[in-house]
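run37.cif (mmCIF, C-alpha atoms) appears below.
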data_entry
#
loop_
_atom_site.label_atom_id
_atom_site.label_comp_id
_atom_site.auth_asym_id
_atom_site.auth_seq_id
_atom_site.Cartn_x
_atom_site.Cartn_y
_atom_site.Cartn_z
CA MET A 1 42.19 -20.54 -1.03
CA LEU A 2 39.18 -19.79 -3.21
CA LYS A 3 35.95 -18.84 -1.46
CA LYS A 4 33.26 -21.44 -2.26
CA ILE A 5 29.52 -20.92 -2.66
CA SER A 6 27.65 -23.13 -0.23
CA ARG A 7 24.81 -21.30 1.54
CA ILE A 8 22.11 -19.68 -0.58
CA ILE A 9 19.07 -17.48 -0.03
CA PHE A 10 16.66 -17.88 -2.94
CA ALA A 11 14.05 -15.29 -3.99
CA GLY A 12 11.22 -16.12 -6.38
CA SER A 13 7.47 -16.34 -6.89
CA ASN A 14 6.25 -18.63 -9.68
CA ASN A 15 6.67 -22.06 -11.26
CA PHE A 16 9.56 -20.89 -13.44
CA SER A 17 11.55 -19.85 -10.37
CA LEU A 18 10.42 -23.00 -8.53
CA ALA A 19 12.32 -25.14 -11.06
CA HIS A 20 15.53 -23.37 -10.01
CA LEU A 21 14.81 -23.69 -6.28
CA ARG A 22 14.03 -27.39 -6.62
CA SER A 23 17.24 -28.03 -8.58
CA LEU A 24 19.36 -26.15 -6.05
CA PHE A 25 17.68 -27.95 -3.14
CA TYR A 26 18.71 -31.35 -4.52
CA SER A 27 22.23 -30.18 -5.43
CA LYS A 28 25.38 -29.69 -3.37
CA TYR A 29 24.20 -26.25 -2.26
CA VAL A 30 22.32 -25.48 0.98
CA ILE A 31 19.17 -23.35 0.84
CA LYS A 32 19.27 -21.33 4.06
CA ALA A 33 16.01 -19.46 3.39
CA VAL A 34 13.60 -18.37 0.66
CA LEU A 35 12.58 -14.77 0.15
CA ILE A 36 9.04 -14.24 -1.17
CA LYS A 37 6.45 -11.50 -1.40
CA PRO A 38 3.47 -11.48 1.02
CA ASP A 39 0.70 -14.04 0.46
CA ASN A 40 -2.21 -13.22 -1.85
CA LEU A 41 -4.92 -13.31 0.82
CA PHE A 42 -7.54 -11.88 -1.55
CA CYS A 43 -7.33 -14.82 -3.94
CA LYS A 44 -10.66 -16.68 -4.10
CA LYS A 45 -8.96 -20.06 -4.39
CA LYS A 46 -7.35 -20.87 -1.05
CA ASP A 47 -4.78 -23.22 -2.58
CA GLN A 48 -3.44 -20.33 -4.69
CA ARG A 49 -2.90 -17.87 -1.83
CA PHE A 50 0.60 -19.25 -1.21
CA SER A 51 3.17 -19.03 -4.01
CA PRO A 52 4.73 -22.27 -5.36
CA ILE A 53 7.98 -21.18 -3.68
CA LYS A 54 6.36 -20.97 -0.24
CA LYS A 55 4.61 -24.32 -0.66
CA PHE A 56 7.94 -25.98 -1.55
CA ALA A 57 9.72 -24.29 1.37
CA ILE A 58 7.10 -25.40 3.90
CA ARG A 59 7.13 -28.96 2.54
CA HIS A 60 10.94 -29.14 2.89
CA ASN A 61 11.33 -27.18 6.13
CA ILE A 62 13.14 -24.23 4.54
CA PRO A 63 12.83 -20.95 6.51
CA VAL A 64 10.56 -18.41 4.77
CA LEU A 65 11.25 -14.67 4.68
CA GLN A 66 8.28 -12.44 3.77
CA THR A 67 7.99 -8.68 3.97
CA ASN A 68 6.19 -5.71 2.46
CA ASN A 69 9.23 -3.53 3.03
CA LEU A 70 12.72 -4.68 2.07
CA HIS A 71 14.12 -1.45 3.57
CA GLU A 72 12.85 -2.26 7.06
CA LYS A 73 15.64 -2.42 9.66
CA LYS A 74 14.20 -5.50 11.40
CA PHE A 75 14.20 -7.39 8.11
CA PHE A 76 17.79 -6.34 7.37
CA ILE A 77 18.93 -7.66 10.75
CA LYS A 78 17.00 -10.89 10.23
CA ILE A 79 18.57 -11.62 6.85
CA SER A 80 22.05 -10.60 8.03
CA LYS A 81 21.98 -13.29 10.75
CA ILE A 82 21.64 -16.04 8.13
CA HIS A 83 25.19 -15.48 6.83
CA ALA A 84 24.50 -16.80 3.33
CA ASP A 85 27.13 -16.63 0.58
CA ILE A 86 24.87 -15.47 -2.24
CA LEU A 87 21.34 -14.35 -3.10
CA ILE A 88 19.82 -16.01 -6.18
CA VAL A 89 16.77 -14.28 -7.66
CA SER A 90 14.35 -15.59 -10.28
CA SER A 91 11.01 -13.88 -11.02
CA TYR A 92 10.85 -12.28 -7.57
CA GLY A 93 9.27 -9.01 -8.68
CA LEU A 94 10.86 -6.52 -6.27
CA ILE A 95 14.13 -4.56 -6.39
CA ILE A 96 16.61 -5.76 -3.76
CA PRO A 97 18.18 -2.79 -1.88
CA SER A 98 21.94 -2.44 -2.21
CA ASN A 99 22.50 -2.75 1.57
CA ILE A 100 20.97 -6.25 1.46
CA LEU A 101 23.06 -7.25 -1.58
CA GLN A 102 26.17 -6.20 0.32
CA LEU A 103 25.44 -8.79 3.03
CA PHE A 104 26.48 -11.59 0.66
CA TYR A 105 30.11 -12.34 -0.16
CA PHE A 106 29.17 -13.02 -3.80
CA GLY A 107 26.39 -10.42 -3.88
CA GLY A 108 23.21 -11.34 -5.75
CA ILE A 109 22.53 -12.79 -9.18
CA ASN A 110 19.31 -12.51 -11.15
CA ILE A 111 18.13 -15.19 -13.59
CA HIS A 112 16.15 -13.36 -16.28
CA ALA A 113 14.21 -14.99 -19.13
CA SER A 114 15.46 -12.84 -22.00
CA LEU A 115 18.64 -11.85 -23.80
CA LEU A 116 19.32 -8.69 -21.86
CA PRO A 117 19.27 -5.78 -22.47
CA ARG A 118 16.27 -6.82 -24.59
CA TRP A 119 13.07 -7.15 -22.56
CA GLN A 120 14.08 -5.71 -19.22
CA GLY A 121 11.20 -5.92 -16.76
CA ALA A 122 8.45 -8.11 -15.36
CA ALA A 123 7.15 -9.96 -18.46
CA PRO A 124 10.04 -10.80 -20.82
CA ILE A 125 8.58 -14.03 -22.19
CA GLN A 126 5.21 -12.46 -22.98
CA TRP A 127 6.76 -9.46 -24.73
CA ALA A 128 9.10 -11.61 -26.81
CA ILE A 129 6.03 -13.45 -28.18
CA LEU A 130 3.97 -10.26 -28.57
CA SER A 131 6.73 -8.69 -30.65
CA GLY A 132 7.12 -11.67 -32.94
CA ASP A 133 10.72 -12.37 -31.91
CA SER A 134 12.22 -15.46 -33.55
CA TYR A 135 14.41 -16.22 -30.54
CA THR A 136 14.87 -15.31 -26.90
CA GLY A 137 17.02 -16.76 -24.14
CA VAL A 138 18.19 -16.53 -20.54
CA SER A 139 20.61 -14.08 -18.96
CA VAL A 140 22.24 -14.29 -15.55
CA ILE A 141 23.36 -10.90 -14.27
CA LYS A 142 25.17 -9.53 -11.24
CA MET A 143 22.52 -7.57 -9.40
CA ASN A 144 22.65 -3.85 -8.64
CA SER A 145 20.06 -1.31 -7.46
CA SER A 146 18.43 -0.97 -10.93
CA ILE A 147 16.05 -3.28 -12.78
CA ASP A 148 17.77 -5.93 -14.93
CA SER A 149 20.77 -3.71 -15.64
CA GLY A 150 23.68 -5.46 -13.92
CA LYS A 151 26.72 -6.97 -15.60
CA ILE A 152 25.88 -10.05 -17.66
CA ILE A 153 27.62 -13.16 -16.35
CA TYR A 154 26.22 -15.76 -18.74
CA GLN A 155 23.68 -16.04 -21.59
CA LEU A 156 22.15 -18.75 -23.77
CA THR A 157 19.60 -18.46 -26.59
CA CYS A 158 16.37 -20.35 -27.32
CA PRO A 159 14.26 -20.34 -30.52
CA ILE A 160 10.62 -19.25 -30.41
CA ASP A 161 8.38 -21.48 -32.52
CA GLN A 162 5.33 -20.11 -34.35
CA TYR A 163 2.96 -21.97 -31.98
CA ASP A 164 4.78 -21.20 -28.73
CA SER A 165 2.74 -19.71 -25.89
CA THR A 166 4.10 -18.26 -22.66
CA LYS A 167 3.36 -21.64 -21.08
CA THR A 168 5.28 -23.72 -23.64
CA LEU A 169 8.15 -21.25 -24.01
CA SER A 170 8.61 -21.07 -20.22
CA THR A 171 8.90 -24.85 -20.17
CA LYS A 172 11.49 -24.79 -22.98
CA LEU A 173 13.53 -22.14 -21.16
CA ILE A 174 13.81 -24.02 -17.86
CA PRO A 175 16.66 -26.44 -18.77
CA ILE A 176 18.50 -23.60 -20.53
CA SER A 177 18.02 -21.41 -17.47
CA LEU A 178 19.31 -24.09 -15.10
CA GLN A 179 22.44 -24.46 -17.23
CA CYS A 180 22.94 -20.68 -17.15
CA MET A 181 22.52 -20.58 -13.37
CA TYR A 182 25.11 -23.28 -12.65
CA GLN A 183 27.55 -21.84 -15.19
CA ALA A 184 27.20 -18.41 -13.57
CA LEU A 185 27.81 -19.83 -10.08
CA ASN A 186 30.93 -21.54 -11.37
CA MET A 187 32.16 -18.34 -13.01
CA LEU A 188 31.70 -16.36 -9.79
CA ILE A 189 34.05 -18.78 -8.03
CA TYR A 190 36.52 -18.74 -10.94
CA PRO A 191 36.26 -15.15 -12.27
CA GLN A 192 39.11 -15.65 -14.72
CA LYS A 193 36.74 -17.61 -16.96
CA ARG A 194 35.25 -15.63 -19.84
CA ILE A 195 32.55 -16.29 -22.40
CA GLU A 196 31.69 -14.94 -25.83
CA TYR A 197 28.06 -13.86 -25.98
CA LEU A 198 26.13 -15.49 -28.80
CA LYS A 199 24.29 -12.34 -29.86
CA LYS A 200 25.79 -8.91 -30.39
CA ASN A 201 24.24 -5.44 -30.57
CA ILE A 202 21.03 -6.36 -28.74
CA ILE A 203 18.74 -3.33 -28.52
CA GLN A 204 17.46 -2.38 -25.07
CA THR A 205 13.68 -2.77 -24.73
CA ASN A 206 11.25 -2.82 -21.79
CA ALA A 207 8.83 -5.59 -20.80
CA PRO A 208 6.28 -3.98 -18.45
CA LYS A 209 3.93 -6.01 -16.28
CA ILE A 210 0.92 -7.56 -18.02
CA LYS A 211 -2.52 -6.55 -16.72
CA LYS A 212 -5.88 -8.30 -17.03
CA LYS A 213 -7.33 -5.43 -19.09
CA ASP A 214 -4.65 -6.02 -21.74
CA ALA A 215 -6.23 -9.41 -22.57
CA LYS A 216 -9.36 -8.07 -24.34
CA ILE A 217 -9.25 -8.87 -28.05
CA SER A 218 -9.47 -5.93 -30.44
CA TRP A 219 -10.82 -7.16 -33.78
CA SER A 220 -9.37 -4.08 -35.48
CA LEU A 221 -5.93 -5.71 -35.18
CA PRO A 222 -4.52 -8.01 -37.91
CA VAL A 223 -4.96 -11.71 -37.21
CA VAL A 224 -1.18 -12.20 -36.81
CA HIS A 225 -1.18 -9.71 -33.90
CA ILE A 226 -4.21 -11.37 -32.29
CA ASP A 227 -2.47 -14.74 -32.63
CA ARG A 228 0.57 -13.39 -30.75
CA LEU A 229 -1.66 -11.84 -28.10
CA ILE A 230 -3.51 -15.09 -27.39
CA ARG A 231 -0.26 -17.08 -27.21
CA ALA A 232 1.49 -14.49 -25.05
CA PHE A 233 -1.40 -14.41 -22.56
CA ASN A 234 -1.63 -18.19 -22.20
CA PRO A 235 -1.99 -19.28 -19.42
CA TRP A 236 -2.55 -15.86 -17.80
CA PRO A 237 -4.53 -13.64 -18.02
CA CYS A 238 -6.06 -15.50 -21.03
CA CYS A 239 -7.47 -13.47 -23.93
CA TYR A 240 -11.21 -12.89 -24.10
CA PHE A 241 -13.94 -11.25 -26.16
CA LEU A 242 -17.41 -10.04 -25.22
CA ILE A 243 -20.76 -11.66 -25.99
CA ASN A 244 -23.85 -10.34 -24.17
CA ASN A 245 -21.47 -8.54 -21.75
CA ASN A 246 -19.89 -11.90 -20.80
CA HIS A 247 -16.12 -12.31 -20.87
CA VAL A 248 -15.58 -15.35 -23.09
CA LYS A 249 -12.05 -16.73 -22.81
CA ILE A 250 -10.33 -18.22 -25.86
CA LYS A 251 -8.87 -21.65 -25.04
CA LYS A 252 -8.12 -23.00 -28.53
CA PHE A 253 -7.94 -21.26 -31.90
CA SER A 254 -6.42 -21.33 -35.37
CA ILE A 255 -5.86 -18.94 -38.26
CA THR A 256 -7.81 -19.78 -41.44
CA SER A 257 -6.75 -16.80 -43.56
CA PHE A 258 -4.16 -14.02 -43.50
CA LYS A 259 -5.85 -12.04 -46.28
CA LYS A 260 -8.05 -8.97 -45.96
CA LYS A 261 -11.75 -9.83 -46.36
CA ARG A 262 -14.79 -7.77 -47.34
CA PHE A 263 -16.43 -8.34 -43.94
CA LYS A 264 -16.35 -5.91 -41.00
CA ASN A 265 -13.88 -6.18 -38.13
CA GLY A 266 -15.29 -8.53 -35.47
CA GLU A 267 -17.96 -9.96 -37.77
CA ILE A 268 -18.87 -13.63 -37.26
CA ILE A 269 -18.59 -14.88 -40.85
CA ASN A 270 -19.11 -18.60 -40.31
CA ILE A 271 -20.46 -20.93 -37.61
CA SER A 272 -19.79 -24.67 -37.73
CA LYS A 273 -18.86 -27.60 -35.50
CA LYS A 274 -15.20 -26.86 -36.25
CA GLY A 275 -15.52 -23.41 -34.65
CA ILE A 276 -16.64 -19.84 -35.26
CA LYS A 277 -14.77 -17.74 -37.82
CA ILE A 278 -14.31 -14.08 -36.94
CA ASN A 279 -13.01 -11.45 -39.34
CA THR A 280 -10.19 -9.15 -38.24
CA LYS A 281 -8.51 -6.14 -39.82
CA CYS A 282 -6.52 -8.53 -41.98
CA GLY A 283 -7.22 -12.26 -41.77
CA VAL A 284 -9.72 -14.64 -40.16
CA LEU A 285 -9.49 -16.25 -36.72
CA ARG A 286 -11.33 -19.49 -35.96
CA ILE A 287 -12.17 -19.98 -32.29
CA GLU A 288 -12.51 -23.67 -31.42
CA LYS A 289 -12.67 -23.87 -27.61
CA ILE A 290 -13.94 -21.27 -25.15
CA LYS A 291 -14.69 -20.82 -21.48
CA ILE A 292 -17.85 -18.98 -20.49
CA PRO A 293 -17.98 -17.58 -16.91
CA GLY A 294 -19.19 -20.23 -14.45
CA LYS A 295 -18.75 -23.10 -16.90
CA LYS A 296 -15.92 -25.43 -17.88
CA THR A 297 -13.96 -25.17 -21.12
CA LEU A 298 -16.01 -26.49 -24.04
CA HIS A 299 -15.54 -27.04 -27.76
CA ILE A 300 -17.75 -24.91 -30.00
CA LYS A 301 -19.56 -28.00 -31.31
CA ASP A 302 -20.69 -28.84 -27.75
CA ILE A 303 -21.88 -25.28 -27.17
CA LEU A 304 -23.84 -25.27 -30.44
CA ASN A 305 -25.68 -28.40 -29.29
CA SER A 306 -26.84 -26.74 -26.06
CA SER A 307 -27.01 -23.03 -26.94
CA LYS A 308 -27.44 -22.37 -30.65
CA LYS A 309 -28.35 -18.73 -30.11
CA LEU A 310 -25.10 -17.77 -28.38
CA PHE A 311 -23.42 -17.04 -31.73
CA ILE A 312 -25.29 -15.36 -34.57
CA GLN A 313 -23.84 -15.25 -38.08
CA HIS A 314 -22.89 -11.73 -39.26
CA GLU A 315 -23.15 -10.38 -35.72
CA ILE A 316 -20.42 -7.78 -35.01
CA LEU A 317 -18.47 -8.49 -31.84
CA PRO A 318 -17.39 -5.45 -29.79
#
Starting from the file, give its structure as structure tokens.
Amino acid sequence: MLKKISRIIFAGSNNFSLAHLRSLFYSKYVIKAVLIKPDNLFCKKKDQRFSPIKKFAIRHNIPVLQTNNLHEKKFFIKISKIHADILIVSSYGLIIPSNILQLFYFGGINIHASLLPRWQGAAPIQWAILSGDSYTGVSVIKMNSSIDSGKIIYQLTCPIDQYDSTKTLSTKLIPISLQCMYQALNMLIYPQKRIEYLKKNIIQTNAPKIKKKDAKISWSLPVVHIDRLIRAFNPWPCCYFLINNNHVKIKKFSITSFKKKRFKNGEIINISKKGIKINTKCGVLRIEKIKIPGKKTLHIKDILNSSKKLFIQHEILP
């Protein structure tokens, strides 16, 4: 008789992984516990100190497992007493030790938002946009003790549109990712099933974690690179530039030219109610909505009505 998958421990952290947990919760499977990283107690907004995974678990009476140390003996004993069939991981952020993976009859699977081995690491969606990739996808792999390097069980592709941000692309990937997850679970039960991967000869690349300091705009970059940067860092950490030592976040923008201009990099070449045009190494970026610290997001035309001196034509932005 075939061994069936029934009891699951789910590990995750963000809204992308929450979509998988929610789907599993309302399916035939039983979520025995969720595994999450410790709460962000230093977050200024109290409602953001708990991850979306923890909030869902509390709301639906699912046991929560949190630890700073996955190698701790007490934690190993605690998770071993659950007797789950499989560990499903999506955007968890920590490497699961091999002794924990061995507790599960079917081991662990990781749902990763890229076509592995391309974009191994913490920020695959962001790096796919930053690199100008025309497509990405989702891979489900059998987990081992290394980062995103296990055997691929199932993959599907997804196109990247020219206006896609991390926010929109994540949303597009969710239904594809759910299909991959359920197909992979089915293939673990019936290992004789095989698939042909849609893409061959994928080059291995790394997708390291994004940091807040990476979000500062450099006007010495071509406008196409700045465009990718803004889209990749939406919604977090959100690209910004400096005016009077204030971090001004870019909330809406467009490209008005891809050609090299006679102006200096970072020079404000035009100010109007449509936005402010800033010259780059090659091309012109028009910023239409911004967020100044301590204020809500505003369109440039509204800012010009209240603070005309904030932007000065021909000023060079740092």
If the PyMOL selection byres ((chain A and resi 169) around 12) is run on the structure shown, which residues does it catch, given as number ranges by chain? A: 16, 113-114, 124-129, 134-138, 158-168, 170-177, 231-235
Go through the shown structure with the PyMOL selection byres ((chain A and resi 48-56) around 10) and write out the matching residues as a PyMOL selection string. chain A and resi 10-19+21-22+34-47+57-66
If you count only C-alpha atoms, which residues fall within 10 Å of segment 301-318 of chain A, apart from same-chain ones fewer than 5 positions away, as a PyMOL selection string? chain A and resi 217-220+241-245+263-279+288-290
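Considering the residues A:Lys291, A:Asn110, A:Gln155, A:Ile8 and counting all atoms listed in the file, Ala84 of chain A has its shortest atom-to-atom contact with A:Ile8.
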The PyMOL selection byres ((chain A and resi 93-103) around 9) on the file shown: which residues, as a VMD selection string? chain A and resid 12 to 13 37 70 to 71 76 79 to 80 83 to 87 90 to 92 104 to 108 121 to 122 143 to 147
Output file for the residues above (C-alpha atoms, as a CSV table (one decimal), in the coordinates of the input):
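See part-v4.csv below for the written result:
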chain,number,residue,atom,x,y,z
A,12,GLY,CA,11.2,-16.1,-6.4
A,13,SER,CA,7.5,-16.3,-6.9
A,37,LYS,CA,6.4,-11.5,-1.4
A,70,LEU,CA,12.7,-4.7,2.1
A,71,HIS,CA,14.1,-1.4,3.6
A,76,PHE,CA,17.8,-6.3,7.4
A,79,ILE,CA,18.6,-11.6,6.8
A,80,SER,CA,22.0,-10.6,8.0
A,83,HIS,CA,25.2,-15.5,6.8
A,84,ALA,CA,24.5,-16.8,3.3
A,85,ASP,CA,27.1,-16.6,0.6
A,86,ILE,CA,24.9,-15.5,-2.2
A,87,LEU,CA,21.3,-14.4,-3.1
A,90,SER,CA,14.4,-15.6,-10.3
A,91,SER,CA,11.0,-13.9,-11.0
A,92,TYR,CA,10.8,-12.3,-7.6
A,104,PHE,CA,26.5,-11.6,0.7
A,105,TYR,CA,30.1,-12.3,-0.2
A,106,PHE,CA,29.2,-13.0,-3.8
A,107,GLY,CA,26.4,-10.4,-3.9
A,108,GLY,CA,23.2,-11.3,-5.8
A,121,GLY,CA,11.2,-5.9,-16.8
A,122,ALA,CA,8.4,-8.1,-15.4
A,143,MET,CA,22.5,-7.6,-9.4
A,144,ASN,CA,22.6,-3.8,-8.6
A,145,SER,CA,20.1,-1.3,-7.5
A,146,SER,CA,18.4,-1.0,-10.9
A,147,ILE,CA,16.0,-3.3,-12.8
Interatomic distance (Å, one decimal) between atom CA of Ile203 of chain A and atom CA of Pro222 of chain A: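 Calculated distance between atom CA of Ile203 of chain A and atom CA of Pro222 of chain A is 25.5 Å.
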Between atom CA of Val140 of chain A and atom CA of Pro237 of chain A - distance in Å to one decimal: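 Separating atom CA of Pro237 of chain A from atom CA of Val140 of chain A is a distance of 26.9 Å.
Of note, atom CA of Tyr154 of chain A and atom CA of Ile88 of chain A are spaced 14.1 Å apart.
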